[in-house]
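S.K.: One file is attached below, final_17.txt, containing compact mmCIF, C-alpha atoms.
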# COMPACT_ATOMS: atom_id res chain seq x y z
CA MET A 1 -7.19 -5.35 18.33
CA ALA A 2 -6.18 -5.68 14.71
CA ALA A 3 -3.98 -8.49 13.53
CA LEU A 4 -2.14 -8.69 10.23
CA VAL A 5 -1.71 -12.38 9.52
CA ALA A 6 0.75 -13.45 6.85
CA GLY A 7 -0.69 -15.87 4.34
CA THR A 8 0.79 -17.15 1.11
CA PRO A 9 3.15 -14.84 -0.82
CA TRP A 10 0.16 -13.63 -2.86
CA MET A 11 -2.17 -12.42 -0.13
CA ARG A 12 -2.57 -11.08 3.38
CA ILE A 13 -5.69 -11.05 5.48
CA ARG A 14 -6.66 -8.34 7.96
CA VAL A 15 -8.91 -9.69 10.67
CA ILE A 16 -10.45 -7.93 13.67
CA PRO A 17 -10.17 -9.53 16.18
CA GLU A 18 -7.78 -12.45 16.02
CA PHE A 19 -9.00 -15.83 17.31
CA ALA A 20 -6.68 -18.75 17.73
CA SER A 21 -8.71 -20.98 20.03
CA PRO A 22 -12.50 -21.13 19.75
CA PHE A 23 -12.80 -20.82 23.51
CA ILE A 24 -10.62 -17.69 23.71
CA PHE A 25 -12.44 -16.36 20.65
CA ARG A 26 -15.86 -16.73 22.23
CA ARG A 27 -14.78 -15.16 25.50
CA HIS A 28 -13.08 -12.10 24.01
CA PHE A 29 -15.17 -11.71 20.88
CA ARG A 30 -15.68 -8.08 19.84
CA ARG A 31 -18.97 -6.96 18.38
CA ASN A 32 -17.51 -6.16 14.96
CA PHE A 33 -15.51 -8.89 13.23
CA SER A 34 -14.17 -7.55 9.93
CA VAL A 35 -12.52 -9.69 7.28
CA ARG A 36 -10.64 -7.96 4.50
CA ALA A 37 -8.46 -9.41 1.76
CA SER A 38 -5.60 -7.37 0.33
CA ILE A 39 -3.82 -8.73 -2.73
CA ASP A 40 -0.22 -7.82 -3.37
CA SER A 41 0.11 -5.83 -6.61
CA ASP A 42 2.54 -8.36 -8.10
CA ALA A 43 0.57 -11.41 -6.99
CA PRO A 44 -0.85 -13.85 -9.58
CA VAL A 45 -4.58 -13.60 -10.14
CA ARG A 46 -6.36 -16.96 -9.96
CA VAL A 47 -10.12 -17.25 -10.44
CA ARG A 48 -12.40 -20.26 -10.80
CA PHE A 49 -15.70 -21.27 -12.32
CA ALA A 50 -17.17 -24.17 -10.36
CA PRO A 51 -20.36 -25.59 -11.92
CA SER A 52 -22.37 -28.50 -10.55
CA PRO A 53 -22.91 -31.15 -13.27
CA THR A 54 -26.63 -31.57 -12.54
CA GLY A 55 -28.02 -30.12 -15.77
CA ASN A 56 -27.21 -27.86 -18.71
CA LEU A 57 -25.11 -24.70 -18.51
CA HIS A 58 -27.57 -21.90 -17.69
CA VAL A 59 -26.96 -18.48 -19.28
CA GLY A 60 -26.45 -17.11 -15.76
CA GLY A 61 -23.69 -19.62 -15.13
CA ALA A 62 -22.19 -18.85 -18.54
CA ARG A 63 -22.06 -15.14 -17.68
CA THR A 64 -20.35 -15.92 -14.35
CA ALA A 65 -17.80 -18.04 -16.23
CA LEU A 66 -17.32 -15.23 -18.76
CA PHE A 67 -16.73 -12.57 -16.08
CA ASN A 68 -14.16 -14.86 -14.41
CA TYR A 69 -12.49 -15.52 -17.76
CA LEU A 70 -12.36 -11.81 -18.68
CA PHE A 71 -11.01 -10.84 -15.26
CA ALA A 72 -8.28 -13.49 -15.42
CA ARG A 73 -7.25 -12.62 -18.98
CA SER A 74 -7.29 -8.87 -18.30
CA LYS A 75 -4.97 -9.38 -15.32
CA GLY A 76 -2.71 -11.97 -16.94
CA GLY A 77 -3.99 -14.54 -14.47
CA LYS A 78 -5.32 -18.11 -14.52
CA PHE A 79 -8.89 -19.26 -15.21
CA VAL A 80 -9.56 -22.51 -13.32
CA LEU A 81 -12.45 -24.90 -13.97
CA ARG A 82 -13.53 -27.03 -11.02
CA ILE A 83 -16.43 -29.51 -11.04
CA GLU A 84 -18.53 -29.45 -7.85
CA ASP A 85 -20.01 -32.94 -8.01
CA THR A 86 -20.53 -33.78 -4.33
CA ASP A 87 -24.29 -34.12 -4.95
CA LEU A 88 -23.82 -37.75 -5.89
CA GLU A 89 -27.51 -38.39 -6.60
CA ARG A 90 -27.93 -35.57 -9.15
CA SER A 91 -24.44 -35.23 -10.64
CA THR A 92 -23.82 -37.05 -13.92
CA ARG A 93 -20.83 -37.35 -16.23
CA GLU A 94 -23.17 -36.51 -19.15
CA SER A 95 -24.00 -33.14 -17.58
CA GLU A 96 -20.31 -32.47 -16.92
CA GLU A 97 -19.49 -33.18 -20.56
CA ALA A 98 -22.31 -30.88 -21.71
CA VAL A 99 -21.01 -28.03 -19.51
CA LEU A 100 -17.46 -28.48 -20.81
CA ARG A 101 -18.75 -28.57 -24.38
CA ASP A 102 -20.74 -25.34 -23.92
CA LEU A 103 -17.80 -23.50 -22.32
CA ALA A 104 -15.53 -24.61 -25.16
CA TRP A 105 -18.14 -23.48 -27.74
CA LEU A 106 -18.19 -20.01 -26.12
CA GLY A 107 -14.39 -19.89 -26.42
CA LEU A 108 -13.80 -19.79 -22.65
CA ASP A 109 -10.74 -22.01 -22.58
CA TRP A 110 -9.59 -22.86 -19.05
CA ASP A 111 -5.97 -22.98 -17.91
CA GLU A 112 -6.48 -25.70 -15.30
CA GLY A 113 -9.22 -28.28 -14.84
CA PRO A 114 -10.73 -31.43 -16.36
CA GLY A 115 -9.00 -32.46 -19.57
CA VAL A 116 -6.20 -29.95 -18.98
CA GLY A 117 -4.74 -30.83 -15.60
CA GLY A 118 -2.69 -28.47 -13.48
CA ASP A 119 -0.70 -28.21 -10.27
CA TYR A 120 -3.71 -27.91 -7.94
CA GLY A 121 -5.76 -30.98 -8.91
CA PRO A 122 -7.73 -33.07 -8.80
CA TYR A 123 -10.38 -30.71 -10.18
CA ARG A 124 -13.49 -32.74 -9.31
CA GLN A 125 -14.72 -32.48 -5.73
CA SER A 126 -15.65 -36.17 -5.72
CA GLU A 127 -11.93 -36.94 -6.08
CA ARG A 128 -10.89 -34.69 -3.16
CA ASN A 129 -12.68 -36.40 -0.23
CA SER A 130 -9.49 -37.41 1.57
CA MET A 131 -8.43 -33.75 1.67
CA TYR A 132 -11.76 -32.64 3.17
CA LYS A 133 -11.50 -35.28 5.88
CA GLN A 134 -7.95 -34.20 6.67
CA TYR A 135 -9.01 -30.58 7.23
CA ALA A 136 -12.13 -31.60 9.17
CA GLU A 137 -9.91 -33.57 11.57
CA LYS A 138 -7.64 -30.54 11.91
CA LEU A 139 -10.63 -28.42 12.96
CA LEU A 140 -11.75 -31.12 15.41
CA GLU A 141 -8.29 -31.20 17.02
CA SER A 142 -8.17 -27.40 17.33
CA GLY A 143 -11.63 -27.28 18.94
CA HIS A 144 -13.27 -25.22 16.18
CA VAL A 145 -15.44 -28.25 15.37
CA TYR A 146 -17.16 -30.82 17.60
CA ARG A 147 -19.05 -34.07 17.10
CA CYS A 148 -22.83 -33.72 17.18
CA PHE A 149 -24.82 -36.89 17.91
CA CYS A 150 -28.29 -35.31 17.58
CA SER A 151 -30.82 -37.41 15.68
CA ASN A 152 -32.98 -36.00 12.88
CA GLU A 153 -35.94 -36.10 15.28
CA GLU A 154 -34.09 -34.00 17.87
CA LEU A 155 -33.04 -31.46 15.25
CA GLU A 156 -36.62 -31.21 13.95
CA LYS A 157 -37.89 -30.60 17.49
CA MET A 158 -35.33 -27.79 17.99
CA LYS A 159 -36.56 -26.22 14.75
CA GLU A 160 -40.20 -26.40 15.87
CA ILE A 161 -39.39 -24.82 19.25
CA ALA A 162 -37.49 -21.99 17.51
CA GLU A 163 -40.48 -21.35 15.21
CA LEU A 164 -42.84 -21.19 18.18
CA LYS A 165 -40.56 -18.65 19.86
CA LYS A 166 -40.19 -16.76 16.54
CA LEU A 167 -36.41 -17.26 16.65
CA PRO A 168 -34.04 -18.16 13.79
CA PRO A 169 -33.87 -21.98 13.34
CA VAL A 170 -30.32 -22.30 14.66
CA TYR A 171 -28.75 -25.28 16.43
CA SER A 172 -29.11 -25.02 20.21
CA GLY A 173 -25.59 -26.27 20.87
CA LYS A 174 -26.42 -29.39 22.91
CA TRP A 175 -23.15 -31.15 22.03
CA ALA A 176 -20.98 -28.02 21.89
CA THR A 177 -20.30 -28.26 25.62
CA ALA A 178 -20.59 -32.03 26.13
CA ALA A 179 -18.10 -33.68 28.47
CA ASP A 180 -15.50 -36.02 26.98
CA GLY A 181 -17.14 -38.94 28.76
CA GLU A 182 -20.50 -38.28 27.05
CA VAL A 183 -18.79 -38.16 23.65
CA GLU A 184 -16.85 -41.38 24.31
CA GLU A 185 -20.04 -43.12 25.41
CA GLU A 186 -21.81 -42.27 22.12
CA LEU A 187 -18.75 -43.27 20.08
CA ALA A 188 -18.67 -46.63 21.88
CA LYS A 189 -22.33 -47.18 21.04
CA GLY A 190 -21.65 -46.44 17.38
CA THR A 191 -24.07 -43.48 17.31
CA PRO A 192 -23.86 -41.60 13.97
CA TYR A 193 -22.51 -38.06 14.26
CA THR A 194 -21.87 -34.95 12.20
CA TYR A 195 -19.08 -32.39 12.56
CA ARG A 196 -20.39 -28.97 13.63
CA PHE A 197 -18.49 -25.69 13.45
CA ARG A 198 -18.54 -23.48 16.56
CA VAL A 199 -19.93 -20.03 15.76
CA PRO A 200 -19.64 -17.09 18.21
CA LYS A 201 -23.01 -16.33 19.81
CA GLU A 202 -22.82 -12.57 19.41
CA GLY A 203 -21.32 -9.90 17.19
CA SER A 204 -21.22 -9.53 13.43
CA LEU A 205 -18.97 -10.29 10.50
CA LYS A 206 -18.26 -7.79 7.75
CA ILE A 207 -16.68 -8.12 4.30
CA ASN A 208 -15.94 -5.63 1.53
CA ASP A 209 -17.44 -7.04 -1.68
CA LEU A 210 -15.82 -5.75 -4.89
CA ILE A 211 -19.27 -5.21 -6.46
CA ARG A 212 -21.61 -4.64 -3.50
CA GLY A 213 -19.34 -2.78 -1.11
CA GLU A 214 -19.64 -3.46 2.61
CA VAL A 215 -21.81 -6.45 3.55
CA SER A 216 -22.38 -7.62 7.13
CA TRP A 217 -24.17 -10.42 8.98
CA LYS A 218 -25.13 -10.95 12.61
CA LEU A 219 -23.54 -14.12 13.94
CA ASP A 220 -26.46 -15.03 16.19
CA THR A 221 -28.57 -15.80 13.10
CA VAL A 222 -26.31 -18.69 12.06
CA GLY A 223 -25.84 -21.19 14.84
CA ASP A 224 -23.24 -23.97 14.81
CA PHE A 225 -23.37 -25.45 11.31
CA VAL A 226 -22.52 -28.88 9.92
CA ILE A 227 -19.37 -29.27 7.81
CA MET A 228 -19.34 -33.10 7.56
CA ARG A 229 -22.47 -35.27 7.38
CA SER A 230 -22.87 -38.49 9.34
CA ASN A 231 -22.18 -40.51 6.15
CA GLY A 232 -18.75 -38.89 5.88
CA GLN A 233 -19.72 -36.59 3.00
CA PRO A 234 -18.54 -32.96 3.32
CA VAL A 235 -21.03 -30.08 3.12
CA TYR A 236 -20.87 -27.53 0.27
CA ASN A 237 -19.52 -24.55 2.24
CA PHE A 238 -16.69 -26.62 3.70
CA CYS A 239 -15.69 -28.12 0.33
CA VAL A 240 -15.68 -24.74 -1.39
CA THR A 241 -13.54 -23.10 1.28
CA VAL A 242 -10.95 -25.89 1.30
CA ASP A 243 -10.89 -26.01 -2.51
CA ASP A 244 -10.52 -22.26 -3.03
CA ALA A 245 -7.79 -22.04 -0.39
CA THR A 246 -5.76 -25.06 -1.53
CA MET A 247 -6.09 -23.98 -5.18
CA ALA A 248 -4.77 -20.50 -4.23
CA ILE A 249 -7.83 -18.73 -5.65
CA SER A 250 -7.28 -14.99 -5.26
CA HIS A 251 -10.73 -13.71 -6.36
CA VAL A 252 -14.09 -15.46 -5.98
CA ILE A 253 -16.47 -14.04 -8.61
CA ARG A 254 -19.86 -15.74 -8.36
CA ALA A 255 -23.64 -15.20 -8.37
CA GLU A 256 -25.27 -13.16 -5.62
CA GLU A 257 -27.24 -16.20 -4.46
CA HIS A 258 -23.94 -17.37 -2.91
CA LEU A 259 -23.55 -14.19 -0.84
CA PRO A 260 -25.10 -15.71 2.34
CA ASN A 261 -22.57 -18.59 2.11
CA THR A 262 -19.70 -16.12 2.54
CA LEU A 263 -20.31 -15.82 6.29
CA ARG A 264 -19.77 -19.53 6.96
CA GLN A 265 -16.87 -19.70 4.52
CA ALA A 266 -15.11 -16.71 6.13
CA LEU A 267 -15.31 -18.40 9.55
CA ILE A 268 -13.82 -21.60 8.11
CA TYR A 269 -11.03 -19.67 6.35
CA LYS A 270 -9.98 -18.07 9.62
CA ALA A 271 -10.25 -21.25 11.69
CA LEU A 272 -7.96 -23.10 9.28
CA GLY A 273 -5.54 -20.18 9.00
CA PHE A 274 -6.19 -19.79 5.27
CA PRO A 275 -5.76 -16.38 3.61
CA MET A 276 -9.06 -14.92 2.39
CA PRO A 277 -9.70 -14.22 -1.30
CA SER A 278 -11.51 -11.12 -2.50
CA PHE A 279 -15.22 -11.65 -3.14
CA ALA A 280 -17.38 -10.24 -5.93
CA HIS A 281 -21.04 -11.25 -6.10
CA VAL A 282 -22.70 -10.72 -9.47
CA SER A 283 -26.45 -9.97 -9.62
CA LEU A 284 -28.92 -12.46 -11.02
CA ILE A 285 -30.09 -12.43 -14.62
CA LEU A 286 -33.78 -11.51 -14.70
CA ALA A 287 -36.63 -12.27 -17.07
CA PRO A 288 -38.50 -9.37 -18.76
CA ASP A 289 -41.02 -9.42 -15.88
CA ARG A 290 -38.00 -8.95 -13.51
CA SER A 291 -38.45 -12.36 -11.89
CA LYS A 292 -35.55 -14.82 -11.83
CA LEU A 293 -34.95 -16.18 -15.34
CA SER A 294 -36.30 -19.74 -15.57
CA LYS A 295 -37.46 -22.32 -18.10
CA ARG A 296 -40.96 -20.85 -18.18
CA HIS A 297 -39.49 -17.80 -19.92
CA GLY A 298 -38.16 -19.88 -22.82
CA ALA A 299 -34.62 -21.00 -23.61
CA THR A 300 -32.26 -20.58 -20.67
CA SER A 301 -29.27 -22.82 -21.48
CA VAL A 302 -26.30 -22.11 -23.71
CA GLY A 303 -26.85 -25.41 -25.54
CA GLN A 304 -30.38 -24.38 -26.53
CA TYR A 305 -29.12 -21.16 -28.13
CA ARG A 306 -26.34 -23.04 -29.91
CA ASP A 307 -28.89 -25.50 -31.32
CA MET A 308 -31.07 -22.59 -32.50
CA GLY A 309 -28.19 -21.31 -34.61
CA TYR A 310 -26.83 -18.45 -32.52
CA LEU A 311 -23.12 -17.72 -32.94
CA PRO A 312 -20.80 -18.05 -29.92
CA GLN A 313 -19.43 -14.55 -30.57
CA ALA A 314 -22.97 -13.14 -30.27
CA MET A 315 -23.64 -15.02 -27.03
CA VAL A 316 -20.37 -13.85 -25.47
CA ASN A 317 -20.98 -10.25 -26.59
CA TYR A 318 -24.52 -10.20 -25.21
CA LEU A 319 -23.74 -11.99 -21.93
CA ALA A 320 -20.93 -9.51 -21.22
CA LEU A 321 -23.42 -6.62 -21.48
CA LEU A 322 -25.72 -8.14 -18.85
CA GLY A 323 -24.56 -6.05 -15.91
CA TRP A 324 -21.38 -4.60 -17.40
CA GLY A 325 -20.48 -1.81 -19.82
CA ASP A 326 -17.34 0.06 -20.77
CA GLY A 327 -18.87 3.48 -20.10
CA THR A 328 -19.51 4.26 -23.78
CA GLU A 329 -22.53 3.73 -26.07
CA ASN A 330 -20.73 0.87 -27.83
CA GLU A 331 -22.53 -2.48 -27.60
CA PHE A 332 -20.44 -4.57 -30.01
CA PHE A 333 -17.28 -6.24 -28.75
CA THR A 334 -15.07 -9.11 -29.80
CA ILE A 335 -13.80 -11.26 -26.96
CA ASP A 336 -10.34 -9.69 -27.29
CA GLN A 337 -11.88 -6.23 -26.92
CA LEU A 338 -13.79 -7.41 -23.86
CA VAL A 339 -10.56 -8.66 -22.29
CA GLU A 340 -8.95 -5.29 -22.95
CA LYS A 341 -11.83 -3.24 -21.50
CA PHE A 342 -13.25 -5.44 -18.73
CA SER A 343 -13.14 -4.15 -15.16
CA ILE A 344 -14.88 -5.65 -12.12
CA GLY A 345 -15.46 -2.10 -10.92
CA ARG A 346 -17.87 -1.51 -13.82
CA VAL A 347 -20.06 -4.51 -13.00
CA ASN A 348 -23.49 -3.29 -11.90
CA LYS A 349 -24.94 -4.59 -8.63
CA SER A 350 -28.54 -4.42 -9.83
CA GLY A 351 -30.13 -7.27 -11.79
CA ALA A 352 -29.83 -7.38 -15.60
CA VAL A 353 -32.81 -8.30 -17.80
CA PHE A 354 -32.27 -11.00 -20.42
CA ASP A 355 -33.88 -9.64 -23.60
CA SER A 356 -34.03 -12.40 -26.24
CA THR A 357 -35.15 -9.85 -28.88
CA LYS A 358 -32.01 -7.81 -28.35
CA LEU A 359 -29.87 -10.96 -28.45
CA ARG A 360 -31.45 -11.88 -31.80
Please rewrite the model in this file as structure tokens.

M.R.:
Amino acid sequence: MAALVAGTPWMRIRVIPEFASPFIFRRHFRRNFSVRASIDSDAPVRVRFAPSPTGNLHVGGARTALFNYLFARSKGGKFVLRIEDTDLERSTRESEEAVLRDLAWLGLDWDEGPGVGGDYGPYRQSERNSMYKQYAEKLLESGHVYRCFCSNEELEKMKEIAELKKLPPVYSGKWATAADGEVEEELAKGTPYTYRFRVPKEGSLKINDLIRGEVSWKLDTVGDFVIMRSNGQPVYNFCVTVDDATMAISHVIRAEEHLPNTLRQALIYKALGFPMPSFAHVSLILAPDRSKLSKRHGATSVGQYRDMGYLPQAMVNYLALLGWGDGTENEFFTIDQLVEKFSIGRVNKSGAVFDSTKLR
């Protein structure tokens, strides 16, 4: 059964099958669960770059920001900057300032975000906790989420048993079917608990990625996952889904390392009744030896290249060519020319090698 669910004026989501209650969903779940986003032709394009302020702006992150910027500008849309600072131990205001400084140096001015404001703020995750708790409670009330009182020791034992049986290390669902009385007893004792999302035990989920085409996952490899920790802090996948939905993000353009997160995020979108954005996962930037580019290969941050005397126009030009081309032999573009020629359809799904000699 296919269901066309109306979302905001800018998007509709086609989902097969529909699930309103988690219990009905699990009983009638079909083997193929497809999630597709279709954007109205006159809808506003809204994209985001969402760095974590835990270090300098890596060239890979800068390219992701650039592709988002070019896509937004080419479509007459908005480029949103959001700071994902829920890792309280590693996030620093100094790192945030360095990232903002590097983006500004590259000329990637954002339409909404820190220092600019906008209608969808606040733009730091650490300032949005009350919103996450509100949506977590909504999922608890609807039955898509349940309280899990398992201790770290119990969870570790489940993991060990799964390894012995050569099974994926997924949660066994002990508290998914607990009686109300058992839950009330633990609450009365003050036992710490997390919020876990109910995942169907069979079937698969499929998306159509704008760069990679059709991507699918088997649901039995996931298990019920945590969305809120016992200390009240939300988990990354939950924050991102709530943020992208409430900020009306139409296209999520990000690194391929986030592709596995899409499964959990798609389930949360549907459970909360949020319209799905379109996804585009950009390949990693590789070192000359085709391993992931890291500090051992030399300079990897935008700030390092700025300090070495490289021009921002050169960095933007070169980063744009890492995985994209306009179909001609031309390799020299101003940022205005890139805006004019950029198309997400011409982004390559294979990894691009960062050649510092060519950049020089």

S.K.: Residues near Met228 of chain A, anyone? I mean within 7 Å using all atoms listed in the file, not counting same-chain ones fewer than 5 positions away, as a list in words.

M.R.: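 Once the adjacent positions are removed, what remains is Thr194, Tyr195, Gln233, Pro234 and Val235 of chain A.
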
S.K.: Got time to write the residues from that selection, C-alpha atoms, as an mmCIF file, in the frame of the given file?

M.R.:
data_model
loop_
_atom_site.group_PDB
_atom_site.id
_atom_site.type_symbol
_atom_site.label_atom_id
_atom_site.label_comp_id
_atom_site.auth_asym_id
_atom_site.auth_seq_id
_atom_site.Cartn_x
_atom_site.Cartn_y
_atom_site.Cartn_z
ATOM 1 C CA THR A 194 -21.870 -34.950 12.200
ATOM 2 C CA TYR A 195 -19.080 -32.390 12.560
ATOM 3 C CA GLN A 233 -19.720 -36.590 3.000
ATOM 4 C CA PRO A 234 -18.540 -32.960 3.320
ATOM 5 C CA VAL A 235 -21.030 -30.080 3.120
#

S.K.: Name the residues, using the chain letters and numbers of the file, that sit within 9 Å of (-22.4, -6.4, 5.4) when counting only C-alpha atoms, and give them as a short mmCIF file (atom, residue, chain, number, x, y, z; two decimals) with C-alpha atoms, in the frame of the given file.

M.R.:
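Below is the file result.cif, written as the result:
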data_model
loop_
_atom_site.label_atom_id
_atom_site.label_comp_id
_atom_site.auth_asym_id
_atom_site.auth_seq_id
_atom_site.Cartn_x
_atom_site.Cartn_y
_atom_site.Cartn_z
CA SER A 204 -21.22 -9.53 13.43
CA LEU A 205 -18.97 -10.29 10.50
CA LYS A 206 -18.26 -7.79 7.75
CA ILE A 207 -16.68 -8.12 4.30
CA ASN A 208 -15.94 -5.63 1.53
CA ASP A 209 -17.44 -7.04 -1.68
CA GLY A 213 -19.34 -2.78 -1.11
CA GLU A 214 -19.64 -3.46 2.61
CA VAL A 215 -21.81 -6.45 3.55
CA SER A 216 -22.38 -7.62 7.13
CA TRP A 217 -24.17 -10.42 8.98
CA LYS A 218 -25.13 -10.95 12.61
#

S.K.: May I have a table of the residues of segment 49-91 of chain A lying at most 8 Å from segment 242-253 of chain A, giving each one's closest pair of atoms and their distance in Å to one decimal, counting all atoms listed in the file, ordered by chain and ascending residue number, as CSV?

M.R.:
residue,atom,partner,partner_atom,distance
A:Thr64,CA,A:Ile253,CA,7.2
A:Phe67,CA,A:Ile253,CA,7.6
A:Asn68,CA,A:Ile253,CA,6.3

S.K.: List as a list in words the protein and nucleic acid residues near Gly173 of chain A, meaning an atom at most 9 Å away when all atoms listed in the file are counted, but skip any in the same chain fewer than 2 places from it.

M.R.: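 My reading of the contact set: Cys148, Val170, Tyr171, Trp175, Ala176, Thr177, Arg198, Gly223 and Asp224 of chain A.
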
S.K.: Just want the 7 Å neighbourhood of Ile83 of chain A, counted on all atoms listed in the file, with same-chain residues fewer than 4 positions away dropped. Output as a list in words.

M.R.: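 Answer for this query is Ala50, Pro51, Ser52, Tyr123, Arg124 and Gln125 of chain A.
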
S.K.: With 6 Å as the threshold, what does the neighbourhood of (-20.9, -7.6, -6.9) contain in terms of residues, counting all atoms listed in the file? Coordinates are those of the file; answer as a PyMOL selection string.

M.R.: chain A and resi 210-212+280-282+349

S.K.: Could the residues in this selection be saved with C-alpha atoms as a PDB file, in the coordinates of the input?

M.R.:
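Final output, saved to result_11.pdb:
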ATOM      1  CA  LEU A 210     -15.820  -5.750  -4.890  1.00  0.00           C
ATOM      2  CA  ILE A 211     -19.270  -5.210  -6.460  1.00  0.00           C
ATOM      3  CA  ARG A 212     -21.610  -4.640  -3.500  1.00  0.00           C
ATOM      4  CA  ALA A 280     -17.380 -10.240  -5.930  1.00  0.00           C
ATOM      5  CA  HIS A 281     -21.040 -11.250  -6.100  1.00  0.00           C
ATOM      6  CA  VAL A 282     -22.700 -10.720  -9.470  1.00  0.00           C
ATOM      7  CA  LYS A 349     -24.940  -4.590  -8.630  1.00  0.00           C
TER       8      LYS A 349
END

S.K.: With all atoms listed in the file as the basis for distance, which of A:Val45, A:Pro114, A:Tyr193, A:Ala266 is at the shortest distance from Glu97 of chain A?

M.R.: A:Pro114

S.K.: Nearest to Phe354 of chain A among A:Gly325, A:Pro288, A:Gly303, A:Gly232, with distances taken over all atoms listed in the file: which residue is it?

M.R.: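 The closest residue to Phe354 of chain A is A:Pro288.
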
S.K.: Which residue gives the smallest distance to Asn261 of chain A among A:Ser278, A:Ser301, A:Asn237, A:Thr334, with all atoms listed in the file counted?

M.R.: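 Checking each of A:Ser278, A:Ser301, A:Asn237, A:Thr334 against Asn261 of chain A, counting all atoms listed in the file, the winner is A:Asn237.
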